[in-house]
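Asks: Quick one: the structure is below, and I'll ask about it shortly.
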Amino acid sequence: MFWSKPAFSTADIPDMSGKTVLITGGNSGVGLESAVALAAKGAHVVISCRDEAKGTAAVAEIKARAGVADAKVEFGVMEQKDLASVHGFAQWFLAKGQRLDVLMLNAGFSGTSFSLADGVETQMLVNHLAPTYLAQLLLPKLKESAPSRMIFVSSKGHRLVKDQNVDWRSVFTRKYEETVSGVLSQYGYSKLGNIQMANRFARELGPNSGVFVNSLHPGVVATNIWYNKDNPYFGSLIYSAFLWVYGWTFITPAQGALTQLYLAAHPDVEKKRITGRYFVPTAVEEAPSPLATDTASQDSLWAVSNEVIKRILAEKGVRV
Ligand SMILES: NC(=O)c1ccc[n+]([C@@H]2O[C@H](COP(=O)([O-])OP(=O)(O)OC[C@H]3O[C@@H](n4cnc5c(N)ncnc54)[C@H](OP(=O)(O)O)[C@@H]3O)[C@@H](O)[C@H]2O)c1
């Protein structure tokens, strides 16, 4: 993608003093850049990371780059392959008794060999089920802190889903081909899930709840997601050729963070009651695929997701 002057930049982020922002996967890529930009404007930033070492390093980097004396930045550990860990992270955050102004559901990955965790295909588990469950757990806090925002970082990859009658139950376990297109197609379902869930939350909350829920595609961004060595196709001729041909067109993580920063911080979101919408770079509203706005499909995904969440938590002995 060629980069022209964006309609929104970090200079447009208002003062965020007194606001608490929670960013999942805040140690890398567009999540890390979002954390730096919001901490620079005075927000209290809480990030999730997969382990203590990544969390400690990320907090130090965010504080150093934000350039704000006494920046308030902290991390909690959350592994999204494990809903018990998601539950524990939410409890840890809620126990602080602080407000929550922005929940940025950003963590995600693409492309590993096919695997199931707790009986669910891992891209669906990490990219869709974990953020949906975290959003459910933190929704009461967002309502209490309203006006507040929930943001699902999706992808234009959601358009890869061509099937007009998605059987969501089968998507949770379907064995895809371990080829570039096979892996990306399953990623597409998980990212379609992000938009559907954003729209489902927005529909349930309505325009007057004070909780604004939106989704976005950050752009094609040069982050670790493209260089995951667990990809079955990483290092293959076709993938190396793809990176060689297109890699130079990728935008930087700082550029890629702008659309989610707009949804996290721009006053228009509240002023214009922007909710249940989908944005692309830079901060431009776009219609997602028709399936993303299909309310019957959203309700089906919501129902199956809740059933699966309930089963996994019961199997793990998590009391909810
Ligand atoms: N880059 C793009 O071109 C692009 C395009 C469209 C959409 N997106 C979306 O943008 C979001 C951020 O990705 P990115 O490009 O910034 O990639 P990234 O640099 O790889 O960052 C992804 C973040 O998610 C975390 N994560 C991955 N698997 C996880 C798991 N099992 N449990 C908990 N956290 C996990 C990563 O943690 P670790 O550091 O520990 O792995 C990292 O913090 C994703 O939702 C992605 O789908 C990216």
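Note on naming: chains are A, B, ... as they come in the structure tokens, residues start from 1 per chain, ligands start from 1 in the order shown.
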Which residues are near A:Ile225? Cut-off 10 Å, only C-alpha atoms, ignore same chain within fewer than 6 positions. Put them as number ranges by chain.

Replies: A: 28-29, 108-111, 231

Asks: Counting only C-alpha atoms and all ligand atoms, what are the residues of chain A within 6 Å of ligand 1, and for each of them which pair of atoms is the nearest and at what distance in Å, to one decimal? Sort the table by chain and rising number, as CSV.

Replies:
residue,atom,partner,partner_atom_place_in_ligand_line,distance
A:Gly25,CA,ligand 1,43 (O),3.2
A:Gly26,CA,ligand 1,43 (O),5.2
A:Asn27,CA,ligand 1,43 (O),4.7
A:Ser28,CA,ligand 1,19 (O),4.3
A:Gly29,CA,ligand 1,16 (O),3.3
A:Val30,CA,ligand 1,16 (O),4.1
A:Gly31,CA,ligand 1,16 (O),5.6
A:Cys49,CA,ligand 1,34 (N),6.0
A:Arg50,CA,ligand 1,40 (O),5.0
A:Met78,CA,ligand 1,33 (C),5.8
A:Glu79,CA,ligand 1,32 (N),3.9
A:Gln80,CA,ligand 1,32 (N),3.6
A:Lys81,CA,ligand 1,31 (N),4.8
A:Asn106,CA,ligand 1,45 (O),4.7
A:Ala107,CA,ligand 1,24 (O),3.3
A:Gly108,CA,ligand 1,45 (O),3.7
A:Phe109,CA,ligand 1,27 (C),4.8
A:Val126,CA,ligand 1,31 (N),5.3
A:Val153,CA,ligand 1,45 (O),5.2
A:Ser154,CA,ligand 1,7 (C),5.4
A:Ser155,CA,ligand 1,6 (C),4.0
A:His217,CA,ligand 1,6 (C),5.4
A:Pro218,CA,ligand 1,6 (C),5.5
A:Gly219,CA,ligand 1,5 (C),5.3
A:Val220,CA,ligand 1,3 (O),3.5
A:Val221,CA,ligand 1,3 (O),3.7
A:Ala222,CA,ligand 1,1 (N),5.7
A:Thr223,CA,ligand 1,19 (O),4.4
A:Asn224,CA,ligand 1,20 (O),4.0
A:Ile225,CA,ligand 1,20 (O),3.8

Asks: Suppose you want the space between atom CA of A:Thr132 and atom CA of A:Lys316; what is it in Å?

Replies: 18.2 Å

Asks: Expressed in Å to a single decimal, how great is the separation between atom CA of A:Val120 and atom CA of A:Tyr189?

Replies: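 Here the two named atoms are 13.3 Å from each other.
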
Asks: Do a neighbour search on stretch 282-293 of chain A at 9 Å with only C-alpha atoms, toss out local chain neighbours closer than 4 positions, and write the hits as an MDAnalysis selection string.

Replies: chainID A and resid 6:9 156 158:159 161:166 192:197 199:200 216 218:219 255:256 258:263 277:278 297:298

Asks: Taking only C-alpha atoms into account, name the residue in A:Trp168, A:Asn208, A:Lys41, A:Val59 that is nearest to A:Ala296.

Replies: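 Counting only C-alpha atoms, the residue closest to A:Ala296 is A:Trp168.
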
Asks: Check the DSSP output for the backbone and give back, as a PyMOL selection string, the residues of stretch 184-264 of chain A in helix (DSSP H, G or I).

Replies: chain A and resi 184-205+224-227+237-249+253-256+258-264

Asks: With N, CA and C atoms retained, export the selected residues as a compact mmCIF listing (two decimals), in the first residue's frame.

Replies:
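The new file again21.txt reads:
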# COMPACT_ATOMS: atom_id res chain seq x y z
N LEU A 184 -4.48 -18.85 5.55
CA LEU A 184 -5.09 -17.51 5.49
C LEU A 184 -6.60 -17.58 5.50
N SER A 185 -7.15 -18.64 4.92
CA SER A 185 -8.61 -18.73 4.90
C SER A 185 -9.14 -18.89 6.32
N GLN A 186 -8.46 -19.71 7.15
CA GLN A 186 -8.91 -19.86 8.53
C GLN A 186 -8.72 -18.54 9.30
N TYR A 187 -7.61 -17.85 9.05
CA TYR A 187 -7.38 -16.52 9.65
C TYR A 187 -8.54 -15.60 9.28
N GLY A 188 -8.98 -15.67 8.03
CA GLY A 188 -10.10 -14.85 7.56
C GLY A 188 -11.36 -15.07 8.38
N TYR A 189 -11.65 -16.34 8.69
CA TYR A 189 -12.83 -16.62 9.53
C TYR A 189 -12.67 -15.97 10.90
N SER A 190 -11.47 -16.08 11.47
CA SER A 190 -11.29 -15.52 12.82
C SER A 190 -11.43 -13.99 12.80
N LYS A 191 -11.00 -13.37 11.72
CA LYS A 191 -11.09 -11.90 11.63
C LYS A 191 -12.50 -11.45 11.24
N LEU A 192 -13.22 -12.29 10.51
CA LEU A 192 -14.64 -12.03 10.28
C LEU A 192 -15.36 -12.06 11.63
N GLY A 193 -14.95 -13.02 12.46
CA GLY A 193 -15.53 -13.12 13.81
C GLY A 193 -15.34 -11.82 14.59
N ASN A 194 -14.18 -11.17 14.45
CA ASN A 194 -13.94 -9.90 15.17
C ASN A 194 -14.97 -8.83 14.80
N ILE A 195 -15.23 -8.70 13.51
CA ILE A 195 -16.19 -7.65 13.08
C ILE A 195 -17.60 -8.04 13.52
N GLN A 196 -17.93 -9.32 13.34
CA GLN A 196 -19.27 -9.75 13.76
C GLN A 196 -19.48 -9.51 15.26
N MET A 197 -18.46 -9.80 16.06
CA MET A 197 -18.64 -9.61 17.51
C MET A 197 -18.70 -8.12 17.87
N ALA A 198 -17.89 -7.31 17.21
CA ALA A 198 -17.97 -5.85 17.46
C ALA A 198 -19.38 -5.38 17.15
N ASN A 199 -19.90 -5.83 16.02
CA ASN A 199 -21.24 -5.38 15.61
C ASN A 199 -22.32 -5.96 16.52
N ARG A 200 -22.09 -7.17 17.02
CA ARG A 200 -23.07 -7.80 17.92
C ARG A 200 -23.11 -7.04 19.26
N PHE A 201 -21.92 -6.71 19.80
CA PHE A 201 -21.88 -5.92 21.04
C PHE A 201 -22.54 -4.56 20.81
N ALA A 202 -22.21 -3.93 19.68
CA ALA A 202 -22.76 -2.59 19.39
C ALA A 202 -24.28 -2.63 19.27
N ARG A 203 -24.77 -3.68 18.63
CA ARG A 203 -26.23 -3.83 18.44
C ARG A 203 -26.91 -4.00 19.79
N GLU A 204 -26.31 -4.83 20.64
CA GLU A 204 -26.92 -5.09 21.95
C GLU A 204 -26.90 -3.82 22.81
N LEU A 205 -25.79 -3.08 22.72
CA LEU A 205 -25.65 -1.89 23.57
C LEU A 205 -26.46 -0.70 23.04
N ASN A 224 5.72 -8.51 13.35
CA ASN A 224 6.13 -9.92 13.52
C ASN A 224 5.15 -10.92 12.94
N ILE A 225 3.90 -10.48 12.75
CA ILE A 225 2.89 -11.44 12.29
C ILE A 225 3.28 -12.06 10.94
N TRP A 226 4.01 -11.30 10.14
CA TRP A 226 4.42 -11.81 8.82
C TRP A 226 5.66 -12.70 8.90
N TYR A 227 6.33 -12.68 10.04
CA TYR A 227 7.63 -13.39 10.12
C TYR A 227 7.60 -14.48 11.19
N LEU A 237 9.49 -21.11 -0.99
CA LEU A 237 9.80 -20.26 -2.14
C LEU A 237 8.68 -19.24 -2.38
N ILE A 238 7.44 -19.72 -2.34
CA ILE A 238 6.31 -18.84 -2.67
C ILE A 238 6.16 -17.72 -1.63
N TYR A 239 6.37 -18.09 -0.35
CA TYR A 239 6.20 -17.07 0.70
C TYR A 239 7.36 -16.07 0.66
N SER A 240 8.57 -16.57 0.45
CA SER A 240 9.73 -15.68 0.37
C SER A 240 9.55 -14.73 -0.82
N ALA A 241 9.04 -15.27 -1.93
CA ALA A 241 8.82 -14.43 -3.12
C ALA A 241 7.77 -13.36 -2.82
N PHE A 242 6.72 -13.77 -2.09
CA PHE A 242 5.67 -12.81 -1.72
C PHE A 242 6.27 -11.66 -0.89
N LEU A 243 7.08 -12.02 0.12
CA LEU A 243 7.67 -10.97 0.98
C LEU A 243 8.64 -10.10 0.18
N TRP A 244 9.33 -10.73 -0.75
CA TRP A 244 10.30 -9.99 -1.55
C TRP A 244 9.59 -8.98 -2.47
N VAL A 245 8.47 -9.42 -3.05
CA VAL A 245 7.74 -8.55 -3.99
C VAL A 245 6.95 -7.47 -3.25
N TYR A 246 6.25 -7.89 -2.16
CA TYR A 246 5.33 -6.95 -1.51
C TYR A 246 5.86 -6.33 -0.22
N GLY A 247 6.90 -6.93 0.36
CA GLY A 247 7.36 -6.48 1.68
C GLY A 247 7.65 -4.99 1.73
N TRP A 248 8.18 -4.45 0.66
CA TRP A 248 8.55 -3.02 0.68
C TRP A 248 7.33 -2.10 0.67
N THR A 249 6.15 -2.64 0.34
CA THR A 249 4.94 -1.81 0.33
C THR A 249 4.27 -1.78 1.71
N PRO A 253 4.74 -0.08 11.69
CA PRO A 253 3.83 -0.29 12.81
C PRO A 253 3.23 1.03 13.33
N ALA A 254 4.00 2.10 13.33
CA ALA A 254 3.46 3.39 13.80
C ALA A 254 2.34 3.87 12.88
N GLN A 255 2.51 3.69 11.59
CA GLN A 255 1.43 4.06 10.65
C GLN A 255 0.23 3.11 10.81
N GLY A 256 0.53 1.84 11.01
CA GLY A 256 -0.54 0.85 11.14
C GLY A 256 -1.38 1.05 12.40
N LEU A 258 -2.45 3.85 13.55
CA LEU A 258 -3.25 5.09 13.55
C LEU A 258 -4.76 4.86 13.54
N THR A 259 -5.23 3.85 12.81
CA THR A 259 -6.69 3.68 12.73
C THR A 259 -7.27 3.24 14.08
N GLN A 260 -6.55 2.35 14.77
CA GLN A 260 -7.07 1.96 16.10
C GLN A 260 -6.90 3.10 17.12
N LEU A 261 -5.88 3.93 16.91
CA LEU A 261 -5.72 5.09 17.79
C LEU A 261 -6.86 6.10 17.58
N TYR A 262 -7.28 6.25 16.34
CA TYR A 262 -8.42 7.12 16.05
C TYR A 262 -9.65 6.62 16.81
N LEU A 263 -9.91 5.32 16.71
CA LEU A 263 -11.10 4.77 17.38
C LEU A 263 -10.96 4.81 18.90
N ALA A 264 -9.72 4.79 19.38
CA ALA A 264 -9.50 4.82 20.84
C ALA A 264 -9.60 6.22 21.41

Asks: Counting only C-alpha atoms, which residues of stretch 134-252 of chain A fall within 12 Å of stretch 15-21 of chain A, and what is the closest atom pair for each with its distance in Å at one decimal, ordered by chain and rising number, as a Markdown table?

Replies:
| residue | atom | partner | partner_atom | distance |
| --- | --- | --- | --- | --- |
| A:Lys141 | CA | A:Thr20 | CA | 11.3 |
| A:Leu142 | CA | A:Thr20 | CA | 10.5 |
| A:Ser145 | CA | A:Lys19 | CA | 9.5 |
| A:Ala146 | CA | A:Lys19 | CA | 11.1 |
| A:Pro147 | CA | A:Lys19 | CA | 10.8 |
| A:Ser148 | CA | A:Lys19 | CA | 9.5 |
| A:Arg149 | CA | A:Val21 | CA | 9.4 |
| A:Met150 | CA | A:Val21 | CA | 10.0 |
| A:Ile151 | CA | A:Val21 | CA | 11.0 |

Asks: Those residues you just picked out, can you put them in a file as a PDB file, in the first residue's frame with N, CA and C atoms?

Replies:
ATOM      1  N   LYS A 141     -17.369  -3.149  33.404  1.00  0.00           N
ATOM      2  CA  LYS A 141     -16.446  -2.054  33.773  1.00  0.00           C
ATOM      3  C   LYS A 141     -16.494  -0.936  32.728  1.00  0.00           C
ATOM      4  N   LEU A 142     -16.622  -1.304  31.461  1.00  0.00           N
ATOM      5  CA  LEU A 142     -16.743  -0.279  30.414  1.00  0.00           C
ATOM      6  C   LEU A 142     -18.034   0.515  30.590  1.00  0.00           C
ATOM      7  N   SER A 145     -17.677   2.934  33.342  1.00  0.00           N
ATOM      8  CA  SER A 145     -16.753   4.031  33.018  1.00  0.00           C
ATOM      9  C   SER A 145     -17.247   4.884  31.845  1.00  0.00           C
ATOM     10  N   ALA A 146     -18.430   4.618  31.322  1.00  0.00           N
ATOM     11  CA  ALA A 146     -18.912   5.297  30.105  1.00  0.00           C
ATOM     12  C   ALA A 146     -18.863   6.824  30.275  1.00  0.00           C
ATOM     13  N   PRO A 147     -18.560   7.558  29.173  1.00  0.00           N
ATOM     14  CA  PRO A 147     -18.338   7.063  27.822  1.00  0.00           C
ATOM     15  C   PRO A 147     -17.018   6.301  27.694  1.00  0.00           C
ATOM     16  N   SER A 148     -17.107   5.173  27.016  1.00  0.00           N
ATOM     17  CA  SER A 148     -15.948   4.292  26.887  1.00  0.00           C
ATOM     18  C   SER A 148     -15.996   3.595  25.519  1.00  0.00           C
ATOM     19  N   ARG A 149     -14.930   2.875  25.229  1.00  0.00           N
ATOM     20  CA  ARG A 149     -14.811   2.310  23.870  1.00  0.00           C
ATOM     21  C   ARG A 149     -14.257   0.884  23.897  1.00  0.00           C
ATOM     22  N   MET A 150     -14.752   0.079  22.981  1.00  0.00           N
ATOM     23  CA  MET A 150     -14.239  -1.279  22.791  1.00  0.00           C
ATOM     24  C   MET A 150     -13.842  -1.368  21.319  1.00  0.00           C
ATOM     25  N   ILE A 151     -12.640  -1.867  21.073  1.00  0.00           N
ATOM     26  CA  ILE A 151     -12.135  -1.880  19.694  1.00  0.00           C
ATOM     27  C   ILE A 151     -11.622  -3.273  19.348  1.00  0.00           C
TER      28      ILE A 151
END

Asks: When distances are computed from only C-alpha atoms, which of A:Ala257, A:Leu129, A:Ser181, A:Phe212 shows the smallest separation from A:Glu307?

Replies: A:Leu129

Asks: Rank nothing, just name the residue among A:Leu103, A:Met124, A:Ala39, A:Val211 nearest to A:Arg273, using only C-alpha atoms.

Replies: A:Val211

Asks: Pick out the closest residue to A:Gln136 from this set: A:His87, A:Lys72, A:Lys175, A:Arg99. Count only C-alpha atoms.

Replies: A:His87
